Amino acid sequence: MGLEPVAASREDEEAKKMEAGGDTIGQKLDAGALFVLQSKGSWLHCGYHLTTSIVAPPLLSLPFAFAALGWTAGIICLVIGAAVTFYSYNLISRVLEHHAQQGRRQLRFRDMATDILGPGWGKYYIGPIQFLVCFGAVIACTLLAGQSMKAIYLLANPGGTIKLYVFVAIFGVFMMILAQLPSFHSLRHVNLISLLLCLAYSFCAVAGSVYLGNSDKAPPKDYSITGDAQNRVFGVFNAIAIIATTYGNGIIPEIQATVAAPVTGKMFRGLCLCYAVVVTTFFSVAISGYWAVGNQAQGILLSDFMVDGAAVIPEWLLLITQLFTLLQLSAVGVVYLQPTNEVLEGLFSDAKQGQYAARNVAPRLASRTAAVALATTVAAMVPFFGDMNSLIGAFGFLPLDFAVPAVFYNATFKPSKKGVVFWLNTAIAVVFSALAVIASVAAVRQIALDAKTYKLFANV
């Protein structure tokens, strides 16, 4: 009890130290940490950031994952995914709070790895994997947004001839503007709107599923798992990768870095807000979507709402669902751009000058525009990026969000080997590391099977 004021005062000192460009894990804060990861937010802002990074349009792929798993396994995997990620994200938060109380507030995933496991882990494993996952998410958001724009266009103009890459480029220009928001904290109002949007399109998707499931346009309700034994086994691991990617975050330390000191307890409240939305949206969309279309579920639920280019649910409902999805994708994309922004800011900005000094504004504008241009180009060139994103999810989200937090916690707090916590964390790390390897193999196999259909700048 008597230690609490000491801990709080240490965190206050650390906050002042950060604002002054002071010391964290033995180094002066660079421009990326000072300018992009400003610690000014409340637990509510933290909840908005968490919700945007987790509750995103990939949740509309959950009925497709259920098609490979069936009812029982699908629901079990969804429950396990929610329980393990909520637990793992709290482990990371507790480790971050512990180090903040010791006067070493860590702001980035790679800072944690460097401090806890050693420099090599931060530089050669956690840092590159996180960057790959997050930039891959930006590309995927840009591609999905282009596809949503094209779907809206075709609803308004059946038979239209504008190609997918044109819509991808249009969205890319919009993302270039959003990318100029200076810091993660400056996204708090955008991410509040994003939270409302994810609830809106999830409820619309559920309504569309209920309508379709009760209409004569629905496919016959067949919930059996199709394919031969080999395809079914690989399908299960692909489905696990999809669920892991849906629950994935990869930027928990960066989100907690936006919270003003003292940080104790704020992340937990933010996670509670986030997971209230997670449970509401994930389970309703997965169950209603799979109930409506069974094993005929396509890669994303919105595709099930159109057959041969015609809507099989009311057009107005499909239109607003696509619109809400499109709008939220812009927020998700700019959230996952933050680790890239932080790296670019560290490379090109001068921490000794103000955030809005001309010396820093010019390279910020140029570097962020170039990063979004690269993501947009890849999305337009490679519209089959979904297959590759499954690989990134299996190789990135599974270890970062399921296995690594348990390792960090055990290495930091060193719980007794006679206790439950040590063995629970060890089991989580081992099981999900193994799943990451197997799911990566399954994703590579799927890429090899689909390779014959790949075509640059394809109009899909």
# chains A, B, ... in the order shown; residues from 1 in each chain; ligands from 1
$ closest_atom_pairs --of "range 97-194 of chain A" --to "range 83-92 of chain A" --cutoff "12 Å" --atoms "only C-alpha atoms" --output "Markdown table"
| residue | atom | partner | partner_atom | distance |
| --- | --- | --- | --- | --- |
| A:Glu97 | CA | A:Ile92 | CA | 8.6 |
| A:His98 | CA | A:Ile92 | CA | 9.9 |
| A:His99 | CA | A:Ile92 | CA | 10.8 |
| A:Gln106 | CA | A:Ile92 | CA | 10.9 |
| A:Leu107 | CA | A:Ile92 | CA | 11.8 |
| A:Arg108 | CA | A:Ile92 | CA | 11.3 |
| A:Phe109 | CA | A:Ile92 | CA | 9.6 |
| A:Met112 | CA | A:Ile92 | CA | 9.2 |
| A:Ala113 | CA | A:Ile92 | CA | 11.2 |
| A:Ile116 | CA | A:Ile92 | CA | 11.8 |
$ write_last_selection --atoms "N, CA, C and O atoms" --output "compact mmCIF listing (two decimals), in the first residue's frame"
# COMPACT_ATOMS: atom_id res chain seq x y z
N GLU A 97 3.77 -1.81 -17.52
CA GLU A 97 3.56 -1.06 -16.28
C GLU A 97 4.70 -1.31 -15.29
O GLU A 97 5.16 -0.37 -14.61
N HIS A 98 5.15 -2.54 -15.20
CA HIS A 98 6.24 -2.88 -14.28
C HIS A 98 7.50 -2.09 -14.63
O HIS A 98 8.14 -1.50 -13.74
N HIS A 99 7.85 -2.05 -15.90
CA HIS A 99 9.07 -1.33 -16.31
C HIS A 99 8.90 0.17 -16.14
O HIS A 99 9.86 0.88 -15.82
N GLN A 106 8.82 1.65 -21.59
CA GLN A 106 9.09 1.18 -22.94
C GLN A 106 7.93 1.62 -23.85
O GLN A 106 6.77 1.49 -23.49
N LEU A 107 8.28 2.09 -25.03
CA LEU A 107 7.28 2.69 -25.91
C LEU A 107 6.98 1.85 -27.14
O LEU A 107 5.98 2.07 -27.81
N ARG A 108 7.86 0.89 -27.46
CA ARG A 108 7.72 0.13 -28.71
C ARG A 108 7.95 -1.35 -28.44
O ARG A 108 8.65 -1.72 -27.49
N PHE A 109 7.38 -2.18 -29.29
CA PHE A 109 7.54 -3.63 -29.16
C PHE A 109 9.02 -4.00 -29.16
O PHE A 109 9.48 -4.82 -28.37
N MET A 112 10.73 -3.41 -25.88
CA MET A 112 10.47 -4.48 -24.92
C MET A 112 11.40 -5.66 -25.16
O MET A 112 12.01 -6.20 -24.24
N ALA A 113 11.47 -6.09 -26.43
CA ALA A 113 12.31 -7.24 -26.76
C ALA A 113 13.77 -6.98 -26.43
O ALA A 113 14.47 -7.84 -25.90
N ILE A 116 14.13 -6.95 -22.51
CA ILE A 116 13.81 -8.19 -21.81
C ILE A 116 14.61 -9.39 -22.32
O ILE A 116 15.12 -10.19 -21.54
$ select_by_dssp --residues "range 219-420 of chain A" --states "alpha helix (DSSP H)" --output "PyMOL selection string"
chain A and resi 229-247+252-257+266-293+301-304+315-336+338-348+358-381+385-392+404-413+420
$ closest_residue --among "A:Tyr125, A:Phe268, A:Phe35, A:Phe171" --to "Ala380 in chain A" --atoms "only C-alpha atoms"
A:Phe171
$ residues_around --residues "Ala239 in chain A" --least-positions-apart "5" --cutoff "12 Å" --atoms "only C-alpha atoms" --output "ChimeraX atom specification"
/A:61-70,73-75,77-78,81,231-234,244-246,299,390-391,393-394,435,438-440,442-443,446
$ residues_around --residues "Asp308 in chain A" --least-positions-apart "4" --cutoff "12 Å" --atoms "only C-alpha atoms" --output "PyMOL selection string"
chain A and resi 154+158-159+303-304+312
$ write_last_selection --atoms "all heavy atoms" --output "PDB file, in the first residue's frame"
ATOM      1  N   LEU A 154     -20.391  -0.696 -58.767  1.00  0.00           N
ATOM      2  CA  LEU A 154     -21.157  -1.644 -59.579  1.00  0.00           C
ATOM      3  C   LEU A 154     -22.617  -1.718 -59.140  1.00  0.00           C
ATOM      4  O   LEU A 154     -23.500  -2.008 -59.956  1.00  0.00           O
ATOM      5  CB  LEU A 154     -20.516  -3.030 -59.519  1.00  0.00           C
ATOM      6  CG  LEU A 154     -19.156  -3.156 -60.231  1.00  0.00           C
ATOM      7  CD1 LEU A 154     -18.563  -4.545 -60.030  1.00  0.00           C
ATOM      8  CD2 LEU A 154     -19.294  -2.847 -61.723  1.00  0.00           C
ATOM      9  N   PRO A 158     -24.378  -0.988 -62.777  1.00  0.00           N
ATOM     10  CA  PRO A 158     -24.123  -2.371 -63.204  1.00  0.00           C
ATOM     11  C   PRO A 158     -23.500  -2.394 -64.601  1.00  0.00           C
ATOM     12  O   PRO A 158     -23.931  -1.669 -65.501  1.00  0.00           O
ATOM     13  CB  PRO A 158     -25.512  -3.009 -63.199  1.00  0.00           C
ATOM     14  CG  PRO A 158     -26.312  -2.160 -62.259  1.00  0.00           C
ATOM     15  CD  PRO A 158     -25.780  -0.769 -62.415  1.00  0.00           C
ATOM     16  N   GLY A 159     -22.490  -3.215 -64.763  1.00  0.00           N
ATOM     17  CA  GLY A 159     -21.823  -3.279 -66.059  1.00  0.00           C
ATOM     18  C   GLY A 159     -20.742  -2.238 -66.237  1.00  0.00           C
ATOM     19  O   GLY A 159     -20.164  -2.112 -67.324  1.00  0.00           O
ATOM     20  N   SER A 303     -19.221 -10.745 -50.057  1.00  0.00           N
ATOM     21  CA  SER A 303     -19.282 -11.416 -51.364  1.00  0.00           C
ATOM     22  C   SER A 303     -20.464 -12.379 -51.432  1.00  0.00           C
ATOM     23  O   SER A 303     -20.985 -12.656 -52.516  1.00  0.00           O
ATOM     24  CB  SER A 303     -17.979 -12.188 -51.627  1.00  0.00           C
ATOM     25  OG  SER A 303     -16.878 -11.313 -51.644  1.00  0.00           O
ATOM     26  N   ASP A 304     -20.882 -12.913 -50.284  1.00  0.00           N
ATOM     27  CA  ASP A 304     -22.030 -13.820 -50.253  1.00  0.00           C
ATOM     28  C   ASP A 304     -23.342 -13.080 -50.485  1.00  0.00           C
ATOM     29  O   ASP A 304     -24.363 -13.698 -50.772  1.00  0.00           O
ATOM     30  CB  ASP A 304     -22.093 -14.547 -48.904  1.00  0.00           C
ATOM     31  CG  ASP A 304     -20.912 -15.477 -48.702  1.00  0.00           C
ATOM     32  OD1 ASP A 304     -20.652 -16.303 -49.588  1.00  0.00           O
ATOM     33  OD2 ASP A 304     -20.243 -15.369 -47.655  1.00  0.00           O
ATOM     34  N   VAL A 312     -28.382 -10.077 -53.368  1.00  0.00           N
ATOM     35  CA  VAL A 312     -29.408 -11.022 -52.912  1.00  0.00           C
ATOM     36  C   VAL A 312     -29.984 -10.590 -51.557  1.00  0.00           C
ATOM     37  O   VAL A 312     -30.765 -11.314 -50.950  1.00  0.00           O
ATOM     38  CB  VAL A 312     -28.840 -12.458 -52.820  1.00  0.00           C
ATOM     39  CG1 VAL A 312     -28.553 -13.004 -54.209  1.00  0.00           C
ATOM     40  CG2 VAL A 312     -27.589 -12.511 -51.936  1.00  0.00           C
TER      41      VAL A 312
END
$ residues_around --residues "range 319-322 of chain A" --least-positions-apart "4" --cutoff "7 Å" --atoms "only C-alpha atoms" --output "list in words"
Ser148, Ile152, Tyr201, Cys204, Ala205, Glu315 and Leu326 of chain A
$ atom_distance --atom1 "CA of Gly32 in chain A" --atom2 "CA of Ser349 in chain A"
7.9 Å
$ closest_residue --among "A:Ala427, A:Val206, A:Met175, A:Leu329" --to "Ala292 in chain A" --atoms "only C-alpha atoms"
A:Val206
$ atom_distance --atom1 "CA of Ile139 in chain A" --atom2 "CA of Gly333 in chain A"
8.0 Å
$ residues_around --residues "range 215-221 of chain A" --least-positions-apart "6" --cutoff "9 Å" --atoms "only C-alpha atoms" --output "compact mmCIF listing (two decimals) with N, CA and C atoms, in the first residue's frame"
# COMPACT_ATOMS: atom_id res chain seq x y z
N TRP A 291 -24.49 -19.42 -40.47
CA TRP A 291 -25.85 -19.98 -40.50
C TRP A 291 -26.51 -19.71 -41.85
N ALA A 292 -26.28 -18.55 -42.42
CA ALA A 292 -26.97 -18.16 -43.66
C ALA A 292 -26.45 -18.91 -44.88
N VAL A 293 -25.12 -19.12 -44.98
CA VAL A 293 -24.56 -19.67 -46.23
C VAL A 293 -23.83 -21.00 -46.05
N GLY A 294 -23.61 -21.43 -44.81
CA GLY A 294 -22.99 -22.73 -44.56
C GLY A 294 -21.61 -22.85 -45.19
N ASN A 295 -21.35 -24.04 -45.76
CA ASN A 295 -20.01 -24.27 -46.32
C ASN A 295 -19.80 -23.60 -47.68
N GLN A 296 -20.78 -22.82 -48.13
CA GLN A 296 -20.62 -22.06 -49.37
C GLN A 296 -20.05 -20.66 -49.09
N VAL A 312 -28.38 -10.08 -53.37
CA VAL A 312 -29.41 -11.02 -52.91
C VAL A 312 -29.98 -10.59 -51.56
N ILE A 313 -29.57 -9.42 -51.10
CA ILE A 313 -30.21 -8.76 -49.96
C ILE A 313 -30.62 -7.38 -50.46
$ closest_atom_pairs --of "range 255-358 of chain A" --to "range 43-57 of chain A" --cutoff "9 Å" --atoms "only C-alpha atoms" --output "Markdown table"
| residue | atom | partner | partner_atom | distance |
| --- | --- | --- | --- | --- |
| A:Ile255 | CA | A:Cys46 | CA | 6.5 |
| A:Gln256 | CA | A:Cys46 | CA | 7.0 |
| A:Thr258 | CA | A:Cys46 | CA | 7.4 |
| A:Val259 | CA | A:Cys46 | CA | 6.8 |
| A:Ala260 | CA | A:Trp43 | CA | 8.8 |
| A:Val263 | CA | A:Trp43 | CA | 8.7 |
| A:Gly265 | CA | A:Trp43 | CA | 8.5 |
| A:Lys266 | CA | A:Trp43 | CA | 4.8 |
| A:Met267 | CA | A:Trp43 | CA | 6.3 |
| A:Phe268 | CA | A:Trp43 | CA | 8.3 |
| A:Arg269 | CA | A:Trp43 | CA | 6.3 |
| A:Gly270 | CA | A:Gly47 | CA | 3.9 |
| A:Leu271 | CA | A:Gly47 | CA | 6.1 |
| A:Cys272 | CA | A:Gly47 | CA | 7.9 |
| A:Leu273 | CA | A:Gly47 | CA | 5.8 |
| A:Cys274 | CA | A:Thr51 | CA | 4.8 |
| A:Tyr275 | CA | A:Thr51 | CA | 7.8 |
| A:Val277 | CA | A:Thr51 | CA | 7.3 |
| A:Val278 | CA | A:Val55 | CA | 6.2 |
| A:Thr281 | CA | A:Val55 | CA | 7.8 |
| A:Phe282 | CA | A:Val55 | CA | 8.0 |
| A:Ile300 | CA | A:Pro57 | CA | 8.8 |
| A:Thr325 | CA | A:Pro57 | CA | 6.4 |
| A:Leu326 | CA | A:Pro57 | CA | 8.8 |
| A:Gln328 | CA | A:Ala56 | CA | 7.4 |
| A:Leu329 | CA | A:Pro57 | CA | 7.1 |
| A:Ala331 | CA | A:Thr52 | CA | 7.1 |
| A:Val332 | CA | A:Thr52 | CA | 5.8 |
| A:Gly333 | CA | A:Ser53 | CA | 8.9 |
| A:Val335 | CA | A:Ser53 | CA | 6.7 |
| A:Tyr336 | CA | A:Ser53 | CA | 7.3 |
